[in-house]
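J.: Below is my_file-v5.cif; it holds mmCIF, C-alpha atoms.
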```cif
data_my_file
#
loop_
_atom_site.group_PDB
_atom_site.id
_atom_site.type_symbol
_atom_site.label_atom_id
_atom_site.label_comp_id
_atom_site.auth_asym_id
_atom_site.auth_seq_id
_atom_site.Cartn_x
_atom_site.Cartn_y
_atom_site.Cartn_z
ATOM 1 C CA MET S 1 -7.114 -2.114 -15.331
ATOM 2 C CA GLU S 2 -6.095 -4.515 -12.564
ATOM 3 C CA ILE S 3 -3.599 -1.981 -11.227
ATOM 4 C CA ALA S 4 -6.309 0.686 -11.046
ATOM 5 C CA TYR S 5 -8.708 -1.631 -9.220
ATOM 6 C CA GLU S 6 -6.046 -2.598 -6.696
ATOM 7 C CA ALA S 7 -5.024 1.016 -6.155
ATOM 8 C CA VAL S 8 -8.644 2.042 -5.533
ATOM 9 C CA ARG S 9 -9.141 -0.863 -3.152
ATOM 10 C CA LEU S 10 -6.050 0.095 -1.164
ATOM 11 C CA PHE S 11 -6.745 3.835 -1.262
ATOM 12 C CA SER S 12 -10.297 3.219 -0.053
ATOM 13 C CA ARG S 13 -9.169 0.968 2.767
ATOM 14 C CA LYS S 14 -6.024 2.765 3.940
ATOM 15 C CA GLY S 15 -6.115 6.230 2.415
ATOM 16 C CA VAL S 16 -3.826 7.537 -0.286
ATOM 17 C CA ALA S 17 -1.094 8.794 2.059
ATOM 18 C CA ALA S 18 -0.901 5.469 3.907
ATOM 19 C CA THR S 19 -0.742 3.385 0.712
ATOM 20 C CA SER S 20 2.659 2.801 -0.842
ATOM 21 C CA ALA S 21 3.514 2.074 -4.448
ATOM 22 C CA ASP S 22 5.048 -1.173 -3.182
ATOM 23 C CA GLU S 23 1.661 -2.246 -1.825
ATOM 24 C CA ILE S 24 -0.114 -1.406 -5.078
ATOM 25 C CA ALA S 25 2.497 -3.289 -7.103
ATOM 26 C CA ASP S 26 2.310 -6.295 -4.791
ATOM 27 C CA ALA S 27 -1.501 -6.372 -4.939
ATOM 28 C CA ALA S 28 -1.372 -6.151 -8.739
ATOM 29 C CA GLY S 29 1.218 -8.941 -8.943
ATOM 30 C CA MET S 30 4.142 -6.956 -10.306
ATOM 31 C CA SER S 31 7.351 -5.353 -9.164
ATOM 32 C CA THR S 32 7.390 -1.778 -7.950
ATOM 33 C CA ARG S 33 9.864 -0.976 -10.693
ATOM 34 C CA THR S 34 7.379 -2.173 -13.324
ATOM 35 C CA LEU S 35 4.621 -0.129 -11.697
ATOM 36 C CA TRP S 36 6.785 3.001 -11.924
ATOM 37 C CA ARG S 37 7.330 2.354 -15.641
ATOM 38 C CA TYR S 38 3.580 2.583 -16.198
ATOM 39 C CA PHE S 39 2.721 5.310 -13.688
ATOM 40 C CA PRO S 40 4.990 8.141 -12.502
ATOM 41 C CA THR S 41 2.990 8.571 -9.264
ATOM 42 C CA LYS S 42 0.903 6.196 -7.203
ATOM 43 C CA GLU S 43 -2.153 8.431 -7.694
ATOM 44 C CA GLN S 44 -1.881 8.013 -11.457
ATOM 45 C CA CYS S 45 -2.417 4.276 -11.050
ATOM 46 C CA VAL S 46 -6.161 5.010 -11.036
ATOM 47 C CA GLN S 47 -6.135 6.929 -14.324
ATOM 48 C CA PRO S 48 -7.235 3.974 -16.501
ATOM 49 C CA LEU S 49 -10.381 3.579 -14.427
ATOM 50 C CA LEU S 50 -11.156 7.298 -14.617
ATOM 51 C CA THR S 51 -10.573 7.551 -18.359
ATOM 52 C CA ALA S 52 -12.056 4.267 -19.628
ATOM 53 C CA GLY S 53 -15.595 5.612 -19.771
ATOM 54 C CA ILE S 54 -14.737 8.834 -21.553
ATOM 55 C CA GLU S 55 -12.465 7.013 -24.013
ATOM 56 C CA GLU S 56 -15.323 4.674 -24.898
ATOM 57 C CA LEU S 57 -17.698 7.615 -25.170
ATOM 58 C CA VAL S 58 -15.357 9.602 -27.426
ATOM 59 C CA THR S 59 -14.971 6.612 -29.749
ATOM 60 C CA ARG S 60 -18.729 6.157 -29.981
ATOM 61 C CA LEU S 61 -19.370 9.850 -30.573
ATOM 62 C CA ARG S 62 -16.744 9.993 -33.330
ATOM 63 C CA GLU S 63 -18.462 7.062 -35.056
ATOM 64 C CA TRP S 64 -22.006 8.448 -34.644
ATOM 65 C CA PRO S 65 -23.596 9.361 -38.017
ATOM 66 C CA ASN S 66 -23.411 13.083 -38.833
ATOM 67 C CA ASP S 67 -27.055 13.163 -39.889
ATOM 68 C CA ARG S 68 -28.223 12.186 -36.399
ATOM 69 C CA PRO S 69 -27.997 14.375 -33.290
ATOM 70 C CA LEU S 70 -24.995 13.552 -31.161
ATOM 71 C CA LEU S 71 -26.940 13.529 -27.906
ATOM 72 C CA GLU S 72 -29.174 10.848 -29.410
ATOM 73 C CA ALA S 73 -26.155 8.563 -29.187
ATOM 74 C CA LEU S 74 -26.131 9.143 -25.458
ATOM 75 C CA HIS S 75 -29.836 8.486 -25.053
ATOM 76 C CA THR S 76 -29.940 5.271 -27.081
ATOM 77 C CA GLY S 77 -27.582 3.126 -25.100
ATOM 78 C CA ALA S 78 -24.329 4.530 -26.385
ATOM 79 C CA THR S 79 -23.275 5.697 -22.956
ATOM 80 C CA PRO S 80 -20.038 4.387 -21.496
ATOM 81 C CA ASN S 81 -20.246 0.963 -19.938
ATOM 82 C CA PHE S 82 -20.313 2.078 -16.316
ATOM 83 C CA SER S 83 -22.771 -0.635 -15.360
ATOM 84 C CA VAL S 84 -20.250 -3.457 -14.997
ATOM 85 C CA SER S 85 -20.712 -4.158 -11.301
ATOM 86 C CA ASP S 86 -17.097 -4.384 -10.148
ATOM 87 C CA GLY S 87 -16.024 -1.501 -12.343
ATOM 88 C CA GLN S 88 -19.023 0.562 -11.331
ATOM 89 C CA GLU S 89 -18.382 0.221 -7.615
ATOM 90 C CA SER S 90 -14.653 0.837 -8.032
ATOM 91 C CA LEU S 91 -15.390 3.922 -10.119
ATOM 92 C CA ARG S 92 -17.944 5.159 -7.593
ATOM 93 C CA GLY S 93 -15.474 4.715 -4.740
ATOM 94 C CA LEU S 94 -12.701 6.395 -6.694
ATOM 95 C CA ILE S 95 -14.796 9.412 -7.636
ATOM 96 C CA ARG S 96 -15.794 9.764 -4.002
ATOM 97 C CA LEU S 97 -12.106 9.819 -3.086
ATOM 98 C CA THR S 98 -11.466 12.641 -5.582
ATOM 99 C CA ARG S 99 -13.460 14.872 -3.261
ATOM 100 C CA THR S 100 -11.013 14.515 -0.374
ATOM 101 C CA GLU S 101 -7.719 13.378 -1.896
ATOM 102 C CA PRO S 102 -5.921 16.203 -3.763
ATOM 103 C CA GLY S 103 -3.631 13.849 -5.714
ATOM 104 C CA LEU S 104 -6.583 11.856 -7.038
ATOM 105 C CA ARG S 105 -8.511 15.064 -7.739
ATOM 106 C CA ALA S 106 -5.592 16.235 -9.878
ATOM 107 C CA VAL S 107 -5.681 12.999 -11.907
ATOM 108 C CA TRP S 108 -9.475 13.370 -12.326
ATOM 109 C CA LEU S 109 -9.199 17.001 -13.447
ATOM 110 C CA ARG S 110 -6.388 16.234 -15.919
ATOM 111 C CA GLY S 111 -8.547 13.508 -17.435
ATOM 112 C CA ASN S 112 -11.476 15.914 -17.657
ATOM 113 C CA ASP S 113 -9.304 18.494 -19.382
ATOM 114 C CA GLU S 114 -8.220 15.932 -21.984
ATOM 115 C CA ALA S 115 -11.844 14.851 -22.454
ATOM 116 C CA THR S 116 -12.924 18.446 -23.028
ATOM 117 C CA ARG S 117 -10.345 18.820 -25.796
ATOM 118 C CA GLU S 118 -11.584 15.598 -27.439
ATOM 119 C CA LEU S 119 -15.214 16.725 -27.236
ATOM 120 C CA ILE S 120 -14.331 20.116 -28.738
ATOM 121 C CA GLN S 121 -12.733 18.320 -31.698
ATOM 122 C CA ILE S 122 -15.832 16.142 -32.162
ATOM 123 C CA LEU S 123 -18.198 19.126 -32.029
ATOM 124 C CA ALA S 124 -16.023 21.138 -34.417
ATOM 125 C CA ALA S 125 -15.900 18.272 -36.916
ATOM 126 C CA ARG S 126 -19.692 17.899 -36.786
ATOM 127 C CA THR S 127 -20.415 21.614 -37.165
ATOM 128 C CA GLY S 128 -17.594 22.556 -39.525
ATOM 129 C CA GLN S 129 -16.381 25.206 -37.096
ATOM 130 C CA ASP S 130 -12.852 25.935 -35.974
ATOM 131 C CA PRO S 131 -12.080 23.957 -32.796
ATOM 132 C CA GLU S 132 -10.211 27.024 -31.509
ATOM 133 C CA SER S 133 -13.322 29.209 -31.811
ATOM 134 C CA LEU S 134 -14.990 30.410 -28.649
ATOM 135 C CA PRO S 135 -18.341 28.707 -29.419
ATOM 136 C CA MET S 136 -16.644 25.314 -29.839
ATOM 137 C CA MET S 137 -14.558 25.770 -26.717
ATOM 138 C CA VAL S 138 -17.609 26.746 -24.674
ATOM 139 C CA GLN S 139 -19.836 24.000 -26.074
ATOM 140 C CA GLY S 140 -17.221 21.279 -25.600
ATOM 141 C CA SER S 141 -16.600 22.500 -22.073
ATOM 142 C CA VAL S 142 -20.327 22.584 -21.306
ATOM 143 C CA LEU S 143 -20.813 19.064 -22.635
ATOM 144 C CA ASN S 144 -17.948 17.703 -20.569
ATOM 145 C CA ALA S 145 -19.065 19.647 -17.495
ATOM 146 C CA ALA S 146 -22.469 17.959 -17.798
ATOM 147 C CA LEU S 147 -20.867 14.525 -18.072
ATOM 148 C CA THR S 148 -18.579 15.250 -15.123
ATOM 149 C CA ALA S 149 -21.434 16.601 -13.004
ATOM 150 C CA GLY S 150 -23.569 13.569 -13.845
ATOM 151 C CA VAL S 151 -20.890 11.081 -12.832
ATOM 152 C CA GLU S 152 -19.981 13.015 -9.695
ATOM 153 C CA TYR S 153 -23.642 13.315 -8.698
ATOM 154 C CA TRP S 154 -24.031 9.564 -9.149
ATOM 155 C CA ALA S 155 -20.949 8.844 -7.048
ATOM 156 C CA TRP S 156 -21.542 11.399 -4.310
ATOM 157 C CA ASN S 157 -25.287 10.857 -3.787
ATOM 158 C CA GLU S 158 -25.406 7.232 -2.787
ATOM 159 C CA SER S 159 -28.815 7.443 -1.105
ATOM 160 C CA GLU S 160 -30.482 8.642 -4.306
ATOM 161 C CA MET S 161 -28.384 6.647 -6.765
ATOM 162 C CA ASP S 162 -27.635 3.474 -4.786
ATOM 163 C CA GLY S 163 -27.591 0.460 -7.042
ATOM 164 C CA GLN S 164 -28.289 2.496 -10.160
ATOM 165 C CA PRO S 165 -25.787 2.688 -13.002
ATOM 166 C CA ALA S 166 -24.173 6.041 -13.746
ATOM 167 C CA ASP S 167 -25.861 6.358 -17.125
ATOM 168 C CA GLY S 168 -29.142 7.515 -15.539
ATOM 169 C CA ALA S 169 -27.418 10.518 -13.978
ATOM 170 C CA LEU S 170 -25.466 11.105 -17.200
ATOM 171 C CA ARG S 171 -28.647 11.157 -19.281
ATOM 172 C CA GLU S 172 -30.303 13.601 -16.894
ATOM 173 C CA ALA S 173 -27.259 15.892 -16.923
ATOM 174 C CA LEU S 174 -27.238 15.833 -20.732
ATOM 175 C CA ARG S 175 -30.964 16.577 -20.857
ATOM 176 C CA ILE S 176 -30.361 19.629 -18.680
ATOM 177 C CA VAL S 177 -27.543 20.946 -20.885
ATOM 178 C CA ALA S 178 -29.047 20.080 -24.298
ATOM 179 C CA GLY S 179 -30.309 23.618 -24.903
ATOM 180 C CA ALA S 180 -26.777 25.022 -24.810
ATOM 181 C CA LEU S 181 -25.537 22.805 -27.626
ATOM 182 C CA PRO S 182 -25.767 23.279 -31.412
ATOM 183 C CA GLU S 183 -28.825 21.852 -33.145
ATOM 184 C CA ASN S 184 -27.053 18.964 -34.873
ATOM 185 C CA VAL S 185 -25.483 18.021 -31.558
ATOM 186 C CA ALA S 186 -28.565 18.247 -29.346
#
```
Here is a file; write its structure as structure tokens.
T.:
Amino acid sequence: MEIAYEAVRLFSRKGVAATSADEIADAAGMSTRTLWRYFPTKEQCVQPLLTAGIEELVTRLREWPNDRPLLEALHTGATPNFSVSDGQESLRGLIRLTRTEPGLRAVWLRGNDEATRELIQILAARTGQDPESLPMMVQGSVLNAALTAGVEYWAWNESEMDGQPADGALREALRIVAGALPENVA
């Protein structure tokens, strides 16, 4: 995660185009060659920070009891740990950069696409439906769109969300979308 934090710090300070892989590697205390082994592009250095929350969320949702609504997991403290102060501010800054930096936006959207596929699998397993069915594809996409919108709202609306953890915006986004999800999910 150190590489991601250093990349965000440098991208925020200098811009993506003006930041070299050498600078990221140096800031993270490694050789550029080692950095390239982990990440094929400098923009991908931020991927661990973008995916940590959804990976934690997917794990928690997979473990959530089938007899309890899935969204309950999100409303009872099982949201991703976005409230760690250094991670939260780095994540907020990074998501802000995805608005203006096409390379970072591409990394963000790829992560969202992978998250949607994971959520579709979770919903299908809970409902007994085929993950390739249109209802599962739509519902998984809707759920991830709500999570994405919640995190982006939190990051992009500093005046309203300043100092607040992302989970408040996530909970509100999930409340809004709950009616579109199957009963044992919502």
J.: Hey, which of S:Leu70, S:Ala18, S:Leu143, S:Ala4 ends up closest to Leu35 in chain S? Count all atoms listed in the file.
T.: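 Comparing S:Leu70, S:Ala18, S:Leu143, S:Ala4 against Leu35 in chain S, the winner is S:Ala4.
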J.: With the PyMOL selection byres ((chain S and resi 176) around 12) as the selection, what would be picked from this file? Answer as a PDB file with C-alpha atoms, keeping the file's coordinate frame, please.
T.:
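This went into expr_21.pdb:
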```
ATOM      1  CA  LEU S  71     -26.940  13.529 -27.906  1.00  0.00           C
ATOM      2  CA  VAL S 142     -20.327  22.584 -21.306  1.00  0.00           C
ATOM      3  CA  LEU S 143     -20.813  19.064 -22.635  1.00  0.00           C
ATOM      4  CA  ALA S 145     -19.065  19.647 -17.495  1.00  0.00           C
ATOM      5  CA  ALA S 146     -22.469  17.959 -17.798  1.00  0.00           C
ATOM      6  CA  LEU S 147     -20.867  14.525 -18.072  1.00  0.00           C
ATOM      7  CA  ALA S 149     -21.434  16.601 -13.004  1.00  0.00           C
ATOM      8  CA  GLY S 150     -23.569  13.569 -13.845  1.00  0.00           C
ATOM      9  CA  ALA S 169     -27.418  10.518 -13.978  1.00  0.00           C
ATOM     10  CA  LEU S 170     -25.466  11.105 -17.200  1.00  0.00           C
ATOM     11  CA  ARG S 171     -28.647  11.157 -19.281  1.00  0.00           C
ATOM     12  CA  GLU S 172     -30.303  13.601 -16.894  1.00  0.00           C
ATOM     13  CA  ALA S 173     -27.259  15.892 -16.923  1.00  0.00           C
ATOM     14  CA  LEU S 174     -27.238  15.833 -20.732  1.00  0.00           C
ATOM     15  CA  ARG S 175     -30.964  16.577 -20.857  1.00  0.00           C
ATOM     16  CA  VAL S 177     -27.543  20.946 -20.885  1.00  0.00           C
ATOM     17  CA  ALA S 178     -29.047  20.080 -24.298  1.00  0.00           C
ATOM     18  CA  GLY S 179     -30.309  23.618 -24.903  1.00  0.00           C
ATOM     19  CA  ALA S 180     -26.777  25.022 -24.810  1.00  0.00           C
ATOM     20  CA  LEU S 181     -25.537  22.805 -27.626  1.00  0.00           C
ATOM     21  CA  ALA S 186     -28.565  18.247 -29.346  1.00  0.00           C
TER      22      ALA S 186
END
```
J.: Please evaluate the PyMOL selection byres ((chain S and resi 98-113) around 12) against the structure above and give the resulting residues as a ChimeraX atom specification.
T.: /S:4,7-8,11-12,15-18,39-55,91-97,114-120,137,140-149,151-153,155-156
J.: Leaving out Glu63 in chain S and any residue of its chain fewer than 6 positions from it, which residues lie within 12 Å of it when counting all atoms listed in the file, given as a PDB file with C-alpha atoms, in the coordinates of the input?
T.:
```pdb
ATOM      1  CA  GLU S  56     -15.323   4.674 -24.898  1.00  0.00           C
ATOM      2  CA  LEU S  57     -17.698   7.615 -25.170  1.00  0.00           C
ATOM      3  CA  LEU S  70     -24.995  13.552 -31.161  1.00  0.00           C
ATOM      4  CA  ALA S  73     -26.155   8.563 -29.187  1.00  0.00           C
ATOM      5  CA  ALA S  78     -24.329   4.530 -26.385  1.00  0.00           C
ATOM      6  CA  ILE S 122     -15.832  16.142 -32.162  1.00  0.00           C
ATOM      7  CA  ALA S 125     -15.900  18.272 -36.916  1.00  0.00           C
ATOM      8  CA  ARG S 126     -19.692  17.899 -36.786  1.00  0.00           C
TER       9      ARG S 126
END
```
J.: If you measure from CA of Trp154 in chain S to CA of Glu72 in chain S, what distance in Å do you get, rounded to one decimal?
T.: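 Rounded to one decimal, the two atoms are 20.9 Å apart.
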J.: Interatomic distance between CA of Arg60 in chain S and CA of Pro131 in chain S?
T.: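 These atoms are spaced 19.2 Å apart.
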J.: List the residues matched by the PyMOL selection byres ((chain S and resi 21) around 8) in the displayed structure as a compact mmCIF listing (two decimals) with C-alpha atoms, in the frame of the given file, ordered by chain and then by residue number.
T.:
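Result file follows (selection.txt):
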```txt
# COMPACT_ATOMS: atom_id res chain seq x y z
CA THR S 19 -0.74 3.38 0.71
CA SER S 20 2.66 2.80 -0.84
CA ASP S 22 5.05 -1.17 -3.18
CA GLU S 23 1.66 -2.25 -1.82
CA ILE S 24 -0.11 -1.41 -5.08
CA ALA S 25 2.50 -3.29 -7.10
CA THR S 32 7.39 -1.78 -7.95
CA LEU S 35 4.62 -0.13 -11.70
CA LYS S 42 0.90 6.20 -7.20
```
J.: State, in Å with one decimal place, the distance from CA of Tyr38 in chain S to CA of Ile3 in chain S.
T.: 9.9 Å
J.: Between S:Asn66, S:Thr59, S:Ser90, S:Asn157, which one has atoms that come closest to Glu2 in chain S, using only C-alpha atoms?
T.: S:Ser90
